[in-house]
Each structure stands twice: as C-alpha cells, then as structure tokens.
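Here is final.txt, consisting of compact mmCIF, C-alpha atoms:
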# COMPACT_ATOMS: atom_id res chain seq x y z
CA MET A 1 0.00 0.00 0.00
CA ARG A 2 1.17 3.54 -0.66
CA ARG A 3 -0.62 6.40 1.02
CA ILE A 4 -1.55 9.28 -1.27
CA ILE A 5 0.30 12.41 -0.18
CA GLY A 6 -1.90 15.22 -1.41
CA LEU A 7 -5.17 15.19 -3.29
CA SER A 8 -6.54 11.64 -3.22
CA ALA A 9 -6.80 9.57 -6.36
CA ALA A 10 -10.52 9.33 -5.71
CA ALA A 11 -10.79 13.10 -5.90
CA ILE A 12 -8.68 13.36 -9.06
CA MET A 13 -10.27 10.54 -10.94
CA ALA A 14 -13.77 11.03 -10.15
CA ALA A 15 -14.86 10.62 -3.04
CA VAL A 16 -21.93 13.99 -2.60
CA THR A 17 -23.94 14.57 -5.79
CA LEU A 18 -26.81 12.35 -6.84
CA THR A 19 -26.52 10.50 -10.11
CA GLY A 20 -30.10 10.34 -11.31
CA CYS A 21 -30.97 7.57 -13.71
CA SER A 22 -33.51 8.70 -16.27
CA SER A 23 -35.49 6.88 -18.86
CA THR A 24 -37.36 7.96 -21.94
CA ASP A 25 -40.67 6.29 -22.81
CA LYS A 26 -41.11 5.53 -26.52
CA GLN A 27 -44.33 7.15 -27.70
CA PRO A 28 -46.87 4.83 -29.32
CA THR A 29 -47.47 5.17 -33.04
CA GLY A 30 -50.90 5.52 -34.63
CA SER A 31 -53.76 7.93 -34.06
CA GLY A 32 -55.75 6.02 -31.44
CA THR A 33 -55.79 6.81 -27.72
CA ASP A 34 -54.53 4.07 -25.41
CA THR A 35 -57.07 4.29 -22.57
CA SER A 36 -55.01 1.86 -20.49
CA ARG A 37 -52.47 4.66 -20.05
CA LEU A 38 -55.02 7.12 -18.68
CA ASN A 39 -55.14 7.83 -14.96
CA GLN A 40 -51.96 5.88 -14.44
CA PRO A 41 -49.74 7.07 -11.59
CA GLY A 42 -46.50 8.71 -12.70
CA THR A 43 -43.16 7.03 -12.22
CA ALA A 44 -41.92 7.67 -8.70
CA PRO A 45 -38.73 9.75 -8.60
CA GLU A 46 -35.54 7.95 -7.66
CA ALA A 47 -34.72 8.28 -3.96
CA VAL A 48 -31.90 10.72 -3.21
CA PRO A 49 -28.78 9.49 -1.38
CA ALA A 50 -28.27 10.89 2.12
CA VAL A 51 -24.91 11.85 3.59
CA HIS A 52 -23.79 12.78 7.06
CA LEU A 53 -20.57 13.02 9.04
CA ALA A 54 -20.12 9.75 10.92
CA TRP A 55 -16.76 10.53 12.56
CA SER A 56 -13.89 13.00 12.57
CA HIS A 57 -10.59 13.39 14.39
CA THR A 58 -8.01 16.16 14.41
CA GLY A 59 -4.52 14.75 14.63
CA THR A 60 -1.18 15.23 12.88
CA PHE A 61 0.59 13.84 9.84
CA PHE A 62 4.32 14.52 9.60
CA ASP A 63 3.86 16.90 12.56
CA GLU A 64 1.31 19.09 10.78
CA PRO A 65 -2.42 19.29 11.67
CA GLN A 66 -4.59 16.86 9.77
CA VAL A 67 -8.31 16.16 10.07
CA TRP A 68 -9.57 12.66 9.34
CA TYR A 69 -13.24 12.09 8.63
CA VAL A 70 -15.71 9.40 7.65
CA ALA A 71 -18.73 10.43 5.61
CA ARG A 72 -21.58 7.90 5.73
CA VAL A 73 -23.56 7.74 2.48
CA LYS A 74 -26.85 5.86 2.18
CA ASN A 75 -28.25 4.97 -1.23
CA PRO A 76 -31.97 4.21 -0.75
CA GLY A 77 -32.59 3.97 -4.50
CA ARG A 78 -33.21 0.99 -6.75
CA SER A 79 -30.00 1.38 -8.77
CA GLU A 80 -26.36 2.16 -8.04
CA VAL A 81 -25.31 5.79 -8.05
CA SER A 82 -22.26 7.93 -8.63
CA VAL A 83 -21.99 10.54 -5.89
CA ALA A 84 -19.52 13.25 -4.85
CA LEU A 85 -18.54 14.97 -1.62
CA ASP A 86 -17.60 18.45 -0.52
CA ALA A 87 -15.48 18.45 2.64
CA ARG A 88 -14.69 21.71 4.45
CA ALA A 89 -12.61 22.33 7.55
CA LEU A 90 -13.80 25.38 9.51
CA ASP A 91 -12.16 27.41 12.26
CA LYS A 92 -14.00 28.61 15.38
CA THR A 93 -15.50 31.55 13.47
CA GLY A 94 -16.94 29.28 10.76
CA THR A 95 -14.38 30.39 8.16
CA ILE A 96 -13.13 27.73 5.73
CA VAL A 97 -9.45 26.93 6.34
CA GLY A 98 -9.22 23.85 4.10
CA SER A 99 -11.41 21.98 1.63
CA SER A 100 -11.53 19.20 -0.94
CA GLN A 101 -13.87 17.41 -3.33
CA ALA A 102 -14.04 13.69 -4.01
CA VAL A 103 -16.04 11.50 -6.35
CA LEU A 104 -16.83 8.19 -4.68
CA PRO A 105 -17.01 4.72 -6.19
CA ASN A 106 -20.45 3.62 -7.37
CA ILE A 107 -22.66 2.81 -4.38
CA PRO A 108 -24.97 -0.19 -4.91
CA ALA A 109 -28.74 0.08 -4.53
CA GLY A 110 -29.83 0.03 -0.89
CA ALA A 111 -26.25 0.10 0.39
CA THR A 112 -24.51 2.28 2.97
CA PHE A 113 -20.91 3.29 2.29
CA ASP A 114 -18.45 4.80 4.77
CA TYR A 115 -15.98 7.02 2.91
CA PHE A 116 -12.65 7.83 4.62
CA GLY A 117 -10.99 11.15 3.76
CA TYR A 118 -8.63 13.70 5.21
CA LEU A 119 -7.65 17.37 4.99
CA GLY A 120 -4.32 19.00 5.79
CA GLY A 121 -1.14 17.22 6.85
CA GLY A 122 2.58 17.68 6.43
CA GLY A 123 3.22 15.64 3.30
CA ALA A 124 5.08 17.25 0.43
CA PHE A 125 1.92 17.68 -1.64
CA ASP A 126 -0.67 18.03 1.11
CA THR A 127 -2.70 21.23 1.13
CA LYS A 128 -1.90 23.16 4.29
CA PHE A 129 -4.58 24.69 6.47
CA THR A 130 -4.84 28.49 6.38
CA GLY A 131 -6.01 28.56 10.00
CA ILE A 132 -6.70 26.28 12.94
CA PRO A 133 -9.40 23.70 12.10
CA ALA A 134 -12.13 23.38 14.73
CA LYS A 135 -14.67 21.19 12.90
CA ILE A 136 -15.39 19.62 9.55
CA GLN A 137 -18.49 19.61 7.36
CA VAL A 138 -19.39 17.16 4.61
CA SER A 139 -22.16 17.61 2.08
CA GLN A 140 -23.27 16.56 -1.36
CA ALA A 141 -21.18 18.20 -4.08
CA LYS A 142 -22.76 19.36 -7.30
CA ASN A 143 -21.12 17.59 -10.21
CA ALA A 144 -17.60 17.64 -8.79
CA PHE A 145 -14.97 18.02 -11.53
CA GLY A 146 -17.79 17.81 -14.08
CA GLN A 147 -17.78 14.05 -13.64
CA ALA A 148 -20.22 13.06 -10.89
CA GLY A 149 -23.26 11.51 -12.47
CA SER A 150 -21.33 9.83 -15.25
CA VAL A 151 -18.54 8.08 -13.38
CA VAL A 152 -18.29 4.31 -13.72
CA GLN A 153 -16.12 3.17 -10.80
CA PRO A 154 -17.54 -0.12 -9.49
CA MET A 155 -16.16 -1.54 -6.28
CA LEU A 156 -14.09 -4.70 -6.63
CA LYS A 157 -14.96 -7.73 -4.54
CA SER A 158 -12.91 -8.20 -1.38
CA GLY A 159 -12.82 -11.34 0.75
CA SER A 160 -12.48 -11.77 4.49
CA ILE A 161 -9.92 -9.50 6.13
CA THR A 162 -7.14 -10.54 8.48
CA LEU A 163 -6.54 -7.58 10.83
CA THR A 164 -3.61 -7.53 13.24
CA GLN A 165 -2.17 -4.90 15.53
CA GLY A 166 1.23 -3.85 14.27
CA HIS A 167 4.14 -1.59 15.10
CA GLU A 168 4.60 0.24 11.82
CA ASP A 169 5.12 4.00 11.99
CA THR A 170 1.93 5.75 10.85
CA TYR A 171 3.64 9.19 10.80
CA THR A 172 0.71 10.42 12.85
CA ASN A 173 0.03 10.91 16.56
CA ALA A 174 -2.42 7.98 16.59
CA LEU A 175 -1.92 5.57 19.49
CA TYR A 176 -2.40 2.38 17.47
CA SER A 177 -1.13 0.91 14.22
CA TYR A 178 -2.77 -1.95 12.32
CA ASN A 179 -1.94 -4.26 9.44
CA LEU A 180 -4.30 -6.17 7.18
CA THR A 181 -4.30 -8.71 4.39
CA VAL A 182 -7.24 -9.35 2.06
CA LYS A 183 -7.98 -11.17 -1.18
CA VAL A 184 -9.29 -8.87 -3.92
CA THR A 185 -11.11 -10.11 -7.04
CA ASN A 186 -11.80 -8.18 -10.20
CA SER A 187 -15.58 -8.57 -10.21
CA THR A 188 -16.06 -5.94 -12.94
CA ARG A 189 -16.57 -6.63 -16.64
CA GLU A 190 -13.36 -4.90 -17.67
CA VAL A 191 -9.64 -5.49 -17.20
CA VAL A 192 -8.39 -3.36 -14.33
CA SER A 193 -5.28 -1.45 -15.35
CA GLY A 194 -3.72 1.80 -14.24
CA GLY A 195 -3.93 1.01 -10.54
CA VAL A 196 -6.65 1.12 -7.91
CA THR A 197 -7.75 3.42 -5.12
CA GLN A 198 -8.25 1.77 -1.76
CA GLN A 199 -9.43 2.68 1.71
CA VAL A 200 -9.91 1.01 5.05
CA VAL A 201 -12.14 2.09 7.93
CA LEU A 202 -11.47 0.70 11.43
CA TYR A 203 -14.21 0.09 14.03
CA ASP A 204 -14.16 -0.72 17.75
CA ALA A 205 -16.20 -3.38 19.56
CA LEU A 206 -19.22 -1.03 19.69
CA GLY A 207 -19.14 -0.41 15.95
CA GLN A 208 -17.77 3.12 16.28
CA VAL A 209 -15.15 4.42 13.84
CA VAL A 210 -11.71 4.69 15.42
CA GLY A 211 -9.41 5.18 12.42
CA GLY A 212 -8.57 4.34 8.84
CA ASP A 213 -6.61 5.44 5.82
CA THR A 214 -6.78 5.83 2.07
CA GLY A 215 -4.26 5.53 -0.72
CA SER A 216 -3.17 3.71 -3.85
CA SER A 217 -1.96 0.12 -4.03
CA ASP A 218 1.54 -1.16 -4.77
CA ASN A 219 0.28 -4.73 -4.86
CA VAL A 220 -2.31 -4.74 -7.65
CA PRO A 221 -1.03 -6.26 -10.95
CA ASP A 222 -0.55 -3.91 -13.89
CA ASN A 223 -3.38 -5.73 -15.67
CA LEU A 224 -5.99 -7.65 -13.70
CA PRO A 225 -8.40 -9.62 -15.94
CA THR A 226 -12.03 -10.12 -15.00
CA GLY A 227 -12.41 -12.88 -12.42
CA MET A 228 -8.77 -12.95 -11.34
CA SER A 229 -7.64 -12.16 -7.78
CA TYR A 230 -4.60 -10.80 -5.99
CA ARG A 231 -3.50 -10.53 -2.37
CA GLU A 232 -3.48 -7.07 -0.81
CA GLN A 233 -1.21 -6.21 2.14
CA TRP A 234 -1.47 -2.97 4.09
CA THR A 235 0.61 -1.84 7.06
CA GLY A 236 0.64 1.18 9.35
CA ILE A 237 -3.09 1.98 9.41
CA PRO A 238 -3.59 4.57 12.19
CA ALA A 239 -6.27 4.33 14.87
CA VAL A 240 -7.03 6.48 17.91
CA ALA A 241 -8.41 3.52 19.89
CA LYS A 242 -8.35 -0.26 19.74
CA ALA A 243 -9.97 -1.69 16.61
CA VAL A 244 -11.60 -5.10 16.26
CA ARG A 245 -12.97 -4.87 12.73
CA ALA A 246 -11.95 -3.38 9.40
CA VAL A 247 -13.91 -2.68 6.23
CA TYR A 248 -11.74 -2.57 3.12
CA THR A 249 -12.94 -1.07 -0.17
CA VAL A 250 -11.12 -0.89 -3.49
CA TRP A 251 -12.09 0.46 -6.91
CA PRO A 252 -10.32 1.10 -10.22
CA GLY A 253 -8.47 4.34 -10.78
Before anything else, please render the file you have as structure tokens.
Amino acid sequence: MRRIIGLSAAAIMAAVTLTGCSSTDKQPTGSGTDTSRLNQPGTAPEAVPAVHLAWSHTGTFFDEPQVWYVARVKNPGRSEVSVALDARALDKTGTIVGSSQAVLPNIPAGATFDYFGYLGGGGAFDTKFTGIPAKIQVSQAKNAFGQAGSVVQPMLKSGSITLTQGHEDTYTNALYSYNLTVKVTNSTREVVSGGVTQQVVLYDALGQVVGGDTGSSDNVPDNLPTGMSYREQWTGIPAVAKAVRAVYTVWPG
C-alpha cells in the first residue's frame, strides 16, 4: 500500500452529488388513444442518497495538523449511483481553512458506504490549512470536476480480512497501528489497469469508527483480468483507539 500524499486519487479521478438515472418512454405510433395509459400514476422519482458526518478526528501527519473524517452515504434507490462529496474544515469563526472534493465509487442500490478522507497534513503535496481547524463539514457536491453523475467506478470484490495490531510508523500521533491482508477479485466486466484506489475504515467493539486510511496500491497487478484475484497487504493503518474490525474497499483508478 502507498498512502496518497496530497489530493486523493478518488478526488482526481472522479470521493456527494446524486446521479439520477432517467429513462425515456417511446411514444406509441398511430392515431388512437390508449385508454389503459389514462389515470396511471407517474413514475416515482428515484430516492436521493443521504450523507452525514459519521466521525472525525483532528490529529497530525508529519507533525502538521490533519483532520480525518468518515462520511456515511446511504443509497436508498433501486439502482447504483455515482456521488460526490464536498469536505470543508472550519475554524471557530466558521471560516473555511481547508477543503476538498471527491467523487466516490459507485454505491450499490440500498447500500450504505463509509468514505474515509482527510484534509491538511505535512506531506510534500498536502494542502496546508490556512487557520486552525475546529470542525469539519461534509455535504453533497454538485457535479464535482464535471464528472459526478457519469462516473463508472464499481467496487471490486474483497474477501475476508485478516486484521492484526502492528508496530509500523503511521507518521501520525495515533496511538495504534494496524496491518491487514485481504484477497481482492476483479468482479467488474473490464480489465483493471492503471492502478486502484483503496481505503480502510477501522471500528471498535461497539461499531464506532476509530481510524482508517486511504491511498493507492503497490500490490495490484498492472493488468488484472475479469475474475482474477490478488492478495493485498497494508501496514501502518492509524487508529485512535483499539480496533476489532476493518472494512476494506477498493475500486479502479
């Protein structure tokens, strides 16, 4: 695993904006009136995804302030959607001191997805805060990068995760470090090439978020045909408390 230092690959590639699926009814030919179509109820609009801030933590990365957050996105619709996020760090006066946009992988119908992101940090390409962050806000973004609504980034299938407490340096002030291994299968219809974006969210025994990370993978093959699998290894995942469970997500790009 290689952590992304700077704007995440998810933000660059195309993360919350709703992707509405529309359909066009073909009009009947002929001059007669189809009475079976009269007084028919209209097609119900597709349900809109909901997003809220599930967790945030202000820590450090390479000795500079960094805010980690998890945005929880629920897709109540009948089809998968492409959605995007606006994330803003605010100081005590409500002034924005850091922000980013991200387009998330496609969220399946009826699913809930926890997206891990961060702002700030001391990496070479990280965007520095212009003030002291006091809180973070997440909201649906409107067509981030002109791509939300048309992005095809399906999640790959991941197997059971082996999570172990480790001793790797996380370069943060987090108290705990974790390692994981997981089998990943290309469950899409296309060959995966050009790398993948990955994230992990860590939870405690009560199901509360306690940490996580996001980045690109060093382990994925250059070309991964449909149906083939590879083994992912990730070390140095930071957590602010003891974790007992991890959810790993990976998608092309």
Do you know which residues are at most 12 Å from A:Ser217 counting all atoms listed in the file, after dropping those on the same chain fewer than 2 positions away, and could you put them as a PyMOL selection string?
chain A and resi 1-4+9+184+193-199+214-215+219-222+230-235+249-253
Which residues come within 8 Å of stretch 165-173 of chain A, counting all atoms listed in the file, excluding same-chain residues fewer than 4 positions away, as a list in words?
Gly59, Thr60, Phe61, Phe62, Asp63, Ser177, Tyr178, Asn179, Thr235, Gly236, Ile237 and Pro238 of chain A
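Shortest atom-to-atom contact with A:His52 among A:Gln140, A:Gly117, A:Asp126, A:Val97: A:Gln140, counting only C-alpha atoms.
Distance-wise, atom CA of A:Ala243 and atom CA of A:Ala205 end up 7.1 Å apart.
Separating atom CA of A:Gly159 from atom CA of A:Ala174 is a distance of 27.1 Å.
With atom CA of A:Ala102 on one side and atom CA of A:Leu119 on the other, the separation reads 11.6 Å.
The residue that comes closest to A:Pro49, out of A:Met155, A:Ile107, A:Leu90, A:Ala144 and on the basis of all atoms listed in the file, is A:Ile107.
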Near A:Gly211, within 6 Å and counting all atoms listed in the file, which residues show up once chain neighbours fewer than 2 positions away are dropped, as a list of chain:residue names?
A:Leu202, A:Val209, A:Pro238, A:Ala239
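Non-sequential neighbours of A:Asn186 (distance at most 10 Å, separation of 2 or more positions within a chain, all atoms listed in the file) are Pro154, Met155, Leu156, Lys157, Ser158, Val184, Thr188, Arg189, Glu190, Val191, Val192, Leu224, Pro225, Thr226, Gly227, Met228, Ser229, Tyr230, Val250, Trp251 and Pro252 of chain A.
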Can you tell me, as a ChimeraX atom specification, which residues sit within 7 Å of (-9.6, 7.6, 7.9) in the file's frame, using only C-alpha atoms?
/A:68-70,116-118,201,211-214
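The residue that comes closest to A:Leu163, out of A:Arg88, A:Lys135, A:His57, A:Lys242 and on the basis of only C-alpha atoms, is A:Lys242.
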